[in-house]
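K.L.:
Sending over model-v1.txt (compact mmCIF, C-alpha atoms).
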```txt
# COMPACT_ATOMS: atom_id res chain seq x y z
CA MET A 1 70.44 97.68 132.87
CA SER A 2 69.13 97.26 129.33
CA LEU A 3 71.24 95.91 126.48
CA ALA A 4 71.70 99.41 125.07
CA SER A 5 72.79 100.74 128.48
CA ARG A 6 75.31 97.95 128.98
CA LEU A 7 76.78 98.41 125.50
CA GLY A 8 76.85 102.19 125.89
CA SER A 9 78.65 102.05 129.23
CA GLU A 10 81.26 99.58 128.05
CA THR A 11 81.77 101.47 124.79
CA ARG A 12 82.39 104.74 126.63
CA ALA A 13 84.81 103.03 129.01
CA ALA A 14 86.69 101.41 126.12
CA GLY A 15 86.86 104.72 124.26
CA LYS A 16 88.33 106.53 127.27
CA ALA A 17 90.82 103.70 127.78
CA PHE A 18 91.98 104.12 124.18
CA LEU A 19 92.43 107.89 124.45
CA ARG A 20 94.53 107.47 127.60
CA ARG A 21 97.10 105.38 125.70
CA ARG A 22 99.13 107.83 123.64
CA THR A 23 101.00 105.08 121.82
CA ALA A 24 97.72 103.59 120.60
CA VAL A 25 96.52 107.02 119.43
CA PHE A 26 99.79 107.61 117.56
CA PHE A 27 99.78 104.28 115.74
CA THR A 28 96.10 104.59 114.86
CA PHE A 29 96.04 108.15 113.55
CA LEU A 30 99.57 109.34 112.81
CA PHE A 31 101.48 106.21 111.79
CA PRO A 32 99.26 105.48 108.73
CA LEU A 33 99.63 109.11 107.64
CA LEU A 34 103.41 108.73 107.84
CA ILE A 35 103.15 105.65 105.62
CA VAL A 36 101.09 107.58 103.08
CA GLY A 37 103.53 110.49 103.26
CA ILE A 38 106.60 108.30 102.73
CA PHE A 39 105.32 105.94 100.04
CA GLY A 40 102.55 107.99 98.47
CA VAL A 41 103.97 111.51 98.53
CA LEU A 42 107.77 111.10 98.66
CA ILE A 43 108.44 107.82 96.82
CA GLN A 44 105.26 108.13 94.71
CA THR A 45 103.97 105.64 92.19
CA ARG A 46 105.53 104.98 88.81
CA PRO A 47 102.82 103.65 86.51
CA THR A 48 104.24 101.34 83.84
CA GLY A 49 107.71 102.23 85.10
CA GLY A 50 108.53 98.94 86.82
CA GLY A 51 109.10 98.19 90.48
CA LEU A 52 106.66 97.72 93.35
CA PHE A 53 104.54 100.87 93.04
CA THR A 54 103.63 100.43 89.39
CA GLU A 55 99.95 101.36 89.60
CA SER A 56 98.28 104.73 89.92
CA PRO A 57 97.84 106.16 93.46
CA ALA A 58 94.19 105.10 93.80
CA TYR A 59 95.17 101.44 93.47
CA TYR A 60 96.83 101.58 96.89
CA VAL A 61 93.83 102.97 98.80
CA PRO A 62 92.97 99.50 100.22
CA GLY A 63 96.58 99.01 101.31
CA TYR A 64 96.76 102.23 103.30
CA LEU A 65 93.34 101.61 104.84
CA ALA A 66 94.39 98.05 105.68
CA VAL A 67 97.17 99.42 107.89
CA VAL A 68 94.56 100.55 110.43
CA VAL A 69 91.85 98.00 109.66
CA LEU A 70 94.31 95.17 110.27
CA PHE A 71 96.91 96.28 112.80
CA THR A 72 94.78 98.36 115.18
CA PRO A 73 92.07 95.76 115.98
CA LEU A 74 94.53 92.88 116.24
CA SER A 75 96.90 94.61 118.63
CA ARG A 76 94.40 96.73 120.54
CA VAL A 77 91.72 94.11 121.22
CA GLY A 78 94.31 91.40 121.74
CA SER A 79 96.17 93.55 124.28
CA GLU A 80 92.91 94.50 125.99
CA VAL A 81 91.99 90.84 126.42
CA ALA A 82 95.48 90.07 127.75
CA ARG A 83 95.24 92.96 130.24
CA HIS A 84 91.86 91.73 131.42
CA ARG A 85 93.27 88.27 131.93
CA GLU A 86 96.30 89.53 133.86
CA GLY A 87 94.13 91.74 136.06
CA ASN A 88 91.47 89.07 136.64
CA ARG A 89 88.92 91.43 135.11
CA PHE A 90 87.00 88.71 133.30
CA GLU A 91 86.33 87.10 136.66
CA LYS A 92 84.85 90.40 137.84
CA LEU A 93 82.87 90.84 134.60
CA ALA A 94 81.36 87.39 135.15
CA THR A 95 79.55 88.82 138.18
CA THR A 96 77.94 91.61 136.10
CA PRO A 97 75.10 91.46 133.55
CA LEU A 98 77.60 92.20 130.75
CA SER A 99 78.12 89.08 128.62
CA ARG A 100 81.24 88.19 126.66
CA VAL A 101 79.39 88.86 123.40
CA GLU A 102 78.41 92.33 124.61
CA TRP A 103 81.94 93.07 125.80
CA LEU A 104 83.40 92.15 122.42
CA ALA A 105 80.64 94.07 120.63
CA ALA A 106 81.52 97.21 122.62
CA GLN A 107 85.22 96.82 121.83
CA THR A 108 84.34 96.37 118.16
CA LEU A 109 82.11 99.44 118.10
CA VAL A 110 84.86 101.60 119.59
CA ASN A 111 87.33 100.35 117.00
CA VAL A 112 84.87 100.95 114.15
CA LEU A 113 84.42 104.57 115.24
CA ILE A 114 88.14 105.18 115.79
CA ILE A 115 89.23 103.55 112.56
CA GLY A 116 86.45 105.32 110.68
CA VAL A 117 87.98 108.67 111.69
CA ALA A 118 91.48 107.41 110.81
CA ALA A 119 90.21 106.24 107.39
CA VAL A 120 88.80 109.70 106.63
CA LEU A 121 92.20 111.25 107.43
CA ILE A 122 94.00 108.71 105.24
CA LEU A 123 91.70 109.33 102.28
CA ALA A 124 92.04 113.10 102.68
CA VAL A 125 95.84 112.92 102.72
CA MET A 126 95.82 110.62 99.68
CA VAL A 127 93.63 112.97 97.67
CA ILE A 128 95.61 116.06 98.66
CA GLY A 129 99.11 114.58 98.71
CA THR A 130 99.05 112.00 95.90
CA GLY A 131 96.26 113.21 93.64
CA ALA A 132 94.46 109.89 93.91
CA GLU A 133 91.06 109.84 92.20
CA ILE A 134 88.74 108.40 94.82
CA ALA A 135 85.01 107.92 94.32
CA LEU A 136 83.38 107.70 97.73
CA SER A 137 80.66 105.10 98.16
CA PRO A 138 78.42 104.09 101.10
CA LEU A 139 79.74 100.57 100.63
CA LEU A 140 83.16 101.78 101.72
CA ALA A 141 81.83 102.34 105.25
CA VAL A 142 80.32 98.84 105.24
CA PHE A 143 83.61 97.27 104.14
CA LEU A 144 85.46 99.19 106.85
CA ALA A 145 83.00 98.14 109.56
CA LEU A 146 83.07 94.47 108.55
CA GLY A 147 86.86 94.45 108.23
CA VAL A 148 87.28 95.99 111.67
CA ALA A 149 84.76 93.56 113.21
CA LEU A 150 86.56 90.60 111.64
CA PHE A 151 89.99 91.54 112.93
CA CYS A 152 88.66 92.60 116.33
CA ALA A 153 87.39 89.05 116.68
CA VAL A 154 90.74 87.63 115.58
CA GLY A 155 92.41 89.94 118.10
CA ALA A 156 90.14 88.53 120.81
CA MET A 157 91.25 85.01 119.86
CA ILE A 158 94.91 86.03 120.00
CA GLY A 159 94.45 87.71 123.38
CA SER A 160 92.69 84.64 124.75
CA LEU A 161 95.47 82.29 123.64
CA ALA A 162 98.62 84.39 124.12
CA ASP A 163 100.47 84.09 127.42
CA SER A 164 101.11 87.83 127.83
CA GLN A 165 100.67 91.25 126.24
CA ASP A 166 104.09 90.89 124.64
CA GLY A 167 102.92 87.61 123.17
CA VAL A 168 99.86 89.37 121.76
CA ILE A 169 102.00 91.98 119.99
CA SER A 170 104.33 89.33 118.56
CA ALA A 171 101.46 87.16 117.35
CA SER A 172 99.57 90.15 115.95
CA ASN A 173 102.57 91.35 113.95
CA GLY A 174 103.33 87.82 112.79
CA ILE A 175 99.83 87.57 111.35
CA ALA A 176 99.32 91.16 110.16
CA ILE A 177 102.56 91.78 108.27
CA PRO A 178 102.23 88.85 105.81
CA LEU A 179 98.52 89.58 105.31
CA LEU A 180 99.19 93.26 104.66
CA PHE A 181 101.49 92.60 101.71
CA LEU A 182 99.99 89.36 100.38
CA SER A 183 96.31 90.30 100.09
CA GLU A 184 96.15 92.35 96.87
CA THR A 185 96.92 95.54 98.78
CA PHE A 186 100.35 96.95 97.92
CA VAL A 187 101.51 94.11 95.68
CA PRO A 188 99.46 93.48 92.51
CA PRO A 189 98.84 89.76 91.86
CA TYR A 190 100.77 89.78 88.58
CA LEU A 191 103.98 90.57 90.49
CA LEU A 192 103.63 87.35 92.49
CA PRO A 193 104.57 83.84 91.29
CA GLU A 194 101.75 82.19 89.40
CA TRP A 195 101.65 79.23 91.80
CA PHE A 196 101.08 81.59 94.74
CA ARG A 197 98.17 83.59 93.31
CA PRO A 198 95.42 81.08 94.25
CA LEU A 199 96.56 81.37 97.87
CA LEU A 200 95.48 85.02 97.89
CA ASP A 201 91.89 83.81 98.19
CA LEU A 202 92.73 82.30 101.58
CA SER A 203 93.39 85.71 103.12
CA PRO A 204 90.32 87.47 104.57
CA LEU A 205 92.02 90.79 103.89
CA THR A 206 91.96 90.00 100.16
CA TYR A 207 88.18 90.34 100.09
CA PHE A 208 88.44 93.66 101.90
CA SER A 209 91.03 95.03 99.48
CA ARG A 210 89.22 93.81 96.36
CA GLY A 211 85.91 95.21 97.53
CA VAL A 212 87.30 98.56 98.64
CA ARG A 213 89.24 98.99 95.38
CA ALA A 214 86.10 98.22 93.38
CA VAL A 215 83.91 100.74 95.19
CA VAL A 216 86.33 103.68 95.57
CA THR A 217 87.80 103.81 92.10
CA PRO A 218 86.98 102.43 88.62
CA PRO A 219 89.33 99.96 86.89
CA GLY A 220 91.91 101.71 84.75
CA ALA A 221 91.95 104.95 86.72
CA GLY A 222 95.20 106.76 86.13
CA VAL A 223 97.23 109.83 86.90
CA ASP A 224 95.80 113.19 85.80
CA GLY A 225 92.98 111.38 84.08
CA VAL A 226 95.29 109.27 81.91
CA VAL A 227 94.68 105.52 81.96
CA VAL A 228 97.96 103.83 82.79
CA SER A 229 96.90 100.27 83.48
CA THR A 230 93.91 98.00 83.61
CA TRP A 231 93.46 96.45 87.02
CA PRO A 232 92.12 92.89 87.26
CA SER A 233 88.39 93.28 87.66
CA GLY A 234 88.00 90.37 90.08
CA PRO A 235 84.65 89.27 91.53
CA ASP A 236 81.78 91.69 91.96
CA PRO A 237 82.21 93.94 95.05
CA LEU A 238 78.99 92.54 96.51
CA PHE A 239 80.53 89.06 96.35
CA ASN A 240 83.53 90.31 98.32
CA LEU A 241 81.19 92.06 100.73
CA GLY A 242 79.23 88.86 101.26
CA VAL A 243 82.35 86.77 101.89
CA LEU A 244 83.71 89.39 104.29
CA ALA A 245 80.38 89.50 106.15
CA VAL A 246 80.30 85.72 106.59
CA LEU A 247 83.90 85.68 107.81
CA ALA A 248 83.20 88.52 110.24
CA VAL A 249 80.15 86.78 111.74
CA VAL A 250 81.94 83.46 112.12
CA ALA A 251 85.06 85.08 113.57
CA PHE A 252 83.00 87.18 115.99
CA ALA A 253 81.22 84.08 117.29
CA VAL A 254 84.49 82.20 117.74
CA GLY A 255 86.16 85.22 119.34
CA ALA A 256 83.32 85.67 121.85
CA ILE A 257 83.42 81.98 122.77
CA ALA A 258 87.20 82.12 123.18
CA LEU A 259 87.01 84.92 125.76
CA PRO A 260 87.58 83.43 129.24
CA ARG A 261 84.75 83.54 131.75
CA THR A 262 87.19 83.60 134.66
CA ASP A 263 90.98 83.63 135.00
```
Please express what this file holds, its structure, as structure tokens.
P.N.:
Amino acid sequence: MSLASRLGSETRAAGKAFLRRRTAVFFTFLFPLLIVGIFGVLIQTRPTGGGLFTESPAYYVPGYLAVVVLFTPLSRVGSEVARHREGNRFEKLATTPLSRVEWLAAQTLVNVLIIGVAAVLILAVMVIGTGAEIALSPLLAVFLALGVALFCAVGAMIGSLADSQDGVISASNGIAIPLLFLSETFVPPYLLPEWFRPLLDLSPLTYFSRGVRAVVTPPGAGVDGVVVSTWPSGPDPLFNLGVLAVLAVVAFAVGAIALPRTD
């Protein structure tokens, strides 16, 4: 089999495995929409009014996208690796032409496609339900793909090190929840203690959120066209894209190496 045939076969198998798990489908497609509905539509933002949601709706686009870009790859790929280990599937894969790099690449491709669809739904609900002013850009798709690839690789590391599928879920949540709220997603940096702000640069999700925010909406975008705040401009989006790309490549290499050859 050629490289394309091997990747295509494994990608189709991984896609069918995802669709058979209703819980995974729910948390990938419906759970983020519930989050948008609760916080974006019901609670809503209160620009300049104090509290957590003090920015205009468009500011929180990276946060809502991060729910699927972060949680889905970590838990799904991590659990898939754990299942393969428990079922001695890596030992069987070692007898096939499919390499560990190709296996992880196929899992990543499936997640990119799935999360791409989920991201479209999230953006549509935000525009319709919250009135967020979103300027679509081709770079958004690149940020999504790199973010998914990065956290798929981290999920592979977690699955390779955890002792069970339950351990994968615990470790994934322990990593994802702090990153989700401490990476310039839902919480603006000025609401955090000054001593903590430099630590934001240590989170890979920070570069995703900064880049996405820069490409989907201009600084100072407000409600009904009224400017309600000036967001920190931060580094150029291409800088964030470059950092995210480097992190994704390094993480993918480490994740592929971490996958067991046999069990």
K.L.:
So how far away is CA of Tyr59 in chain A from CA of Glu194 in chain A, in Å?
P.N.:
20.7 Å
K.L.:
Taking only C-alpha atoms into account, which of A:Ala135, A:Leu241, A:Ala13, A:Ala251 comes nearest Val61 in chain A?
P.N.:
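Of all the options, A:Ala135 lies closest to Val61 in chain A.
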K.L.:
I'd like the interatomic distance between CA of Phe18 in chain A and CA of Gly167 in chain A, to a tenth of an Å.
P.N.:
19.8 Å
K.L.:
Neighbouring residues of range 102-110 of chain A were defined as those with any atom within 7 Å, considering all atoms listed in the file; residues of the same chain fewer than 6 positions away were excluded. Please report them as a compact mmCIF listing (two decimals) with C-alpha atoms, keeping the file's coordinate frame.
P.N.:
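As a result, selection-v3.txt now contains:
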```
# COMPACT_ATOMS: atom_id res chain seq x y z
CA LEU A 7 76.78 98.41 125.50
CA GLU A 10 81.26 99.58 128.05
CA THR A 11 81.77 101.47 124.79
CA ALA A 14 86.69 101.41 126.12
CA GLY A 15 86.86 104.72 124.26
CA ALA A 149 84.76 93.56 113.21
CA CYS A 152 88.66 92.60 116.33
CA ALA A 256 83.32 85.67 121.85
```
K.L.:
Between A:Ala132, A:Leu144, A:Val187, A:Leu259, which is the closest to Ser56 in chain A once you count only C-alpha atoms?
P.N.:
A:Ala132
K.L.:
Would you work out the distance separating CA of Ser75 in chain A from CA of Leu19 in chain A, expressed in Å to one decimal?
P.N.:
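Straight-line distance from CA of Ser75 in chain A to CA of Leu19 in chain A works out to 15.2 Å.
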K.L.:
With only C-alpha atoms counted, which protein, DNA or RNA residues have an atom no more than 10 Å from (80.8, 90.6, 105.5) in the file frame? Please answer as a JSON list (two decimals) with C-alpha atoms, in the coordinates of the input.
P.N.:
```json
[["chain", "number", "residue", "atom", "x", "y", "z"],
["A", 142, "VAL", "CA", 80.32, 98.84, 105.24],
["A", 143, "PHE", "CA", 83.61, 97.27, 104.14],
["A", 144, "LEU", "CA", 85.46, 99.19, 106.85],
["A", 145, "ALA", "CA", 83.00, 98.14, 109.56],
["A", 146, "LEU", "CA", 83.07, 94.47, 108.55],
["A", 147, "GLY", "CA", 86.86, 94.45, 108.23],
["A", 149, "ALA", "CA", 84.76, 93.56, 113.21],
["A", 150, "LEU", "CA", 86.56, 90.60, 111.64],
["A", 207, "TYR", "CA", 88.18, 90.34, 100.09],
["A", 208, "PHE", "CA", 88.44, 93.66, 101.90],
["A", 238, "LEU", "CA", 78.99, 92.54, 96.51],
["A", 239, "PHE", "CA", 80.53, 89.06, 96.35],
["A", 240, "ASN", "CA", 83.53, 90.31, 98.32],
["A", 241, "LEU", "CA", 81.19, 92.06, 100.73],
["A", 242, "GLY", "CA", 79.23, 88.86, 101.26],
["A", 243, "VAL", "CA", 82.35, 86.77, 101.89],
["A", 244, "LEU", "CA", 83.71, 89.39, 104.29],
["A", 245, "ALA", "CA", 80.38, 89.50, 106.15],
["A", 246, "VAL", "CA", 80.30, 85.72, 106.59],
["A", 247, "LEU", "CA", 83.90, 85.68, 107.81],
["A", 248, "ALA", "CA", 83.20, 88.52, 110.24],
["A", 249, "VAL", "CA", 80.15, 86.78, 111.74],
["A", 250, "VAL", "CA", 81.94, 83.46, 112.12]]
```
K.L.:
Extract, using all atoms listed in the file, all DNA, RNA and protein residues at most 12 Å from Ala141 in chain A, discarding same-chain residues fewer than 4 positions from it, and format them as a PyMOL selection string.
P.N.:
chain A and resi 65+69+112-113+115-117+119-120+136-137+145-148+208+211-212+215-216+241
K.L.:
With only C-alpha atoms as the atoms that count, which of A:Ala24, A:Leu74, A:Leu123, A:Leu98 lies nearest to Ser172 in chain A?
P.N.:
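Checking each of A:Ala24, A:Leu74, A:Leu123, A:Leu98 against Ser172 in chain A, counting only C-alpha atoms, the winner is A:Leu74.
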K.L.:
For a quick check of understanding, using only C-alpha atoms, which of A:Ala214, A:Phe252, A:Ala156, A:Tyr60 has the smallest distance to Leu140 in chain A?
P.N.:
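When distances to Leu140 in chain A are compared using only C-alpha atoms, the smallest one comes from A:Ala214.
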K.L.:
Identify which of the residues A:Pro62, A:Ser160, A:Arg12, A:Ile122 lies closest to Phe90 in chain A, counting all atoms listed in the file when measuring atom-to-atom distances.
P.N.:
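Smallest distance to Phe90 in chain A is found for A:Ser160.
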K.L.:
Name the closest residue to Val81 in chain A among the candidates A:Pro97, A:Gly255, A:Pro32, A:Gly63; distances are taken between atoms, counting all atoms listed in the file.
P.N.:
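Looking at the shortest contact to Val81 in chain A, the residue is A:Gly255.
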K.L.:
Can you pull out every residue within 9 Å of Leu182 in chain A, counting all atoms listed in the file, but drop anything in the same chain fewer than 4 positions away, and send it as a compact mmCIF listing (two decimals) with C-alpha atoms, in the frame of the given file?
P.N.:
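Heads up, here's the output in out_32.txt:
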```txt
# COMPACT_ATOMS: atom_id res chain seq x y z
CA ILE A 177 102.56 91.78 108.27
CA PRO A 178 102.23 88.85 105.81
CA PHE A 186 100.35 96.95 97.92
CA VAL A 187 101.51 94.11 95.68
CA PRO A 188 99.46 93.48 92.51
CA PRO A 189 98.84 89.76 91.86
CA LEU A 192 103.63 87.35 92.49
CA LEU A 200 95.48 85.02 97.89
CA SER A 203 93.39 85.71 103.12
CA LEU A 205 92.02 90.79 103.89
CA THR A 206 91.96 90.00 100.16
```
